[in-house]
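Participant: This structure is in structure tokens; I'll ask about it shortly.
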Amino acid sequence: SSSSSAFSTPRILILLTLMPLGLAAFAFVLQWRGEVTDPMRLGVDRSRFPGFPGSSPIGSTSGVDCGGQQRGLSAFIHHPGWKYAIPENGKPKICVTTSTAGGLEQILPWLYYHRVIGVTNFLLFVEGKAATQNVTAVLESIPGVRVVYRTKELEEQQARSRIWNETWLSSFFFRPCNYELFVRQSLNMEMAIVMAREAEMDWIIHLDTDELLYPAGSPEYSLRKLLGDVAPEVDMVIFPNYESAIERDDVVDPFSEVTMFKKNYDHVTKETYFGLYREATRGNPNYFLTYGNGKAAARIQDHLRPNGAHRWHNYLKAPKELKFEEAAVLHYTYSKFSDLTSRRDRCGCKPTKDDVKRCFMLEFDRAAFIIASTATREEMLRWYREHVVWTDRELNLKLLRKGLLTRIYAPQLIVQGLRQSGVLNNALAAGQEQLERLKTRDKFLSAVSTRNSSSSELGSKDSKDDHRLASSSRRLMDLSSLSSSAMVVEDDPFAAVPPLPPP
């Protein structure tokens, strides 16, 4: 028995060795005869599959192989004319509202980024540059966007708001600059609640156009998934803010160029925060240059009200809130050198330590305003590098290792992908077409009005015919504008209101 066992063991080992060799040889013969084809030999772009040899790293946009053939994919694939994969009846429906005076170069990337992560509707309260016809023509051509102008009627309606009788905002009333902006944002948020509720939205968020939501913790990088998983008894969720930590003084497009951020106290350990506080502050008044209490999203319900520009509350109950452990709002504050002068130009306060307290809530804003108002450009740039730009590479690496600083690339990749795919250019083109139609209509109506006026002075019977012709033409022009592709959103509850005269 023992000799039989000893004889069979080598045979088993030999069999186990020959079987995989035989299978490999069989597969080779089939492939050589053309009956089995390796997908990697069909010209399939390997860069589509991260991890394969020759694949492009995440975030690269293209590459060239030895034969001169282009390969590689955009980090965020987006085709012109593509309809966002956001079902109209999907839940939850998310509305973002903002008060802005910025231009398209800032608003469009901000808007489309949030559309990508799942925001369904936008309420834009515009003034200044944002309220000009060149800007609003583009914004109004985007489905799901409602533009609200600061008209005399709007101001009269807000003057009757119950907010003026509340104590929670009274310390900000009748003060200039940032205080005035804070009150105006709160009044706009109050109106946005009503508009969002009429449009059957589920959540509302107030953001500035220098802030991007970062839905970390959602495997799909989806804000809808993130909010959809919130327990129904929760009324409000808090996104702790991360602040941009720029590494150059010549940033032009923050969303595409800035990847380093200072993390919020809520997302680091106490030992790390307090142990490295002085190094992270770098001689500035506080840990963050500006605010540090994050931004909130509120579930739309009865008696909801704003509680300043960063929070929501309820007139009848204390809302139950939840703070996200991973998700955040990325604040790109003072990320461009020109931000110093833009803040200065918006306020008429005197550049003294006493007077700036009337205009600005935060110490850093006050110091920046004084520097921008009194220093030369070279002095401003030197101050900016010392207080805002993170030029000390050793310190940056130390704080990155310790967890106070972090690298976040997703917004950069999405915005760059949107630019490369032509989405933003398409929006500009659609807005330009809409603007040309409006100008043509205005010229036509102006000419008809002038002709009618001349005819009425003559008192001829023809003037009545001309008037009827003008009325018919005006109706035709209105129907033409409504039937255009830019106005297909007629049934959309968030269809943009028409331009109104300034107050």
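Every chain in the structure tokens has a letter given in the order shown (A, B, ...), and although residue numbers restart at 1 in each chain, ligands are simply numbered from 1 in the order shown.
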Can you check which residues of range 247-366 of chain A DSSP gives as strand (DSSP E or B) on the backbone and send them as an MDAnalysis selection string?
Facilitator: chainID A and resid 260:262 295:299 304:306 312:314 321:323 328:331
Participant: For the helix (DSSP H, G or I) assignment from backbone DSSP, which residues of range 219-404 of chain A qualify? Please present them as a PyMOL selection string.
Facilitator: chain A and resi 223-228+254-257+265-267+270-275+277-281+338-346+356-359+363-374+377-387+393-402
Participant: Out of A:Lys357, A:Arg385, A:Arg160, A:Lys93, which residue has the shortest atom-to-atom distance to Glu190 in chain A when counting only C-alpha atoms?
Facilitator: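 So, comparing all the options, the nearest one is A:Arg160.
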Participant: Fewer than 4 positions away in the same chain doesn't count, so skip those; otherwise give me all residues within 8 Å of range 215-225 of chain A, counting only C-alpha atoms, as a list in words.
Facilitator: Lys91, Pro92, Lys93, Ile94, Ile117, Gly118, Val119, Asp229, Glu326, Ala327 and Ala328 of chain A
Participant: Work out how far apart CA of Tyr315 in chain A and CA of Leu124 in chain A are and give it in Å to one decimal.
Facilitator: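 According to the coordinates, CA of Tyr315 in chain A and CA of Leu124 in chain A are separated by 24.9 Å.
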Participant: So, with only C-alpha atoms as the atoms that count, which of A:Ile204, A:Leu123, A:Leu340, A:Leu169 lies closest to Thr374 in chain A?
Facilitator: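 Distance minimum relative to Thr374 in chain A lands on A:Leu340.
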Participant: When you count only C-alpha atoms, which of these residues is closest to Arg358 in chain A: A:Ser171, A:Asn284, A:Thr272, A:Thr98?
Facilitator: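 Going through A:Ser171, A:Asn284, A:Thr272, A:Thr98 one by one, the smallest distance to Arg358 in chain A is for A:Ser171.
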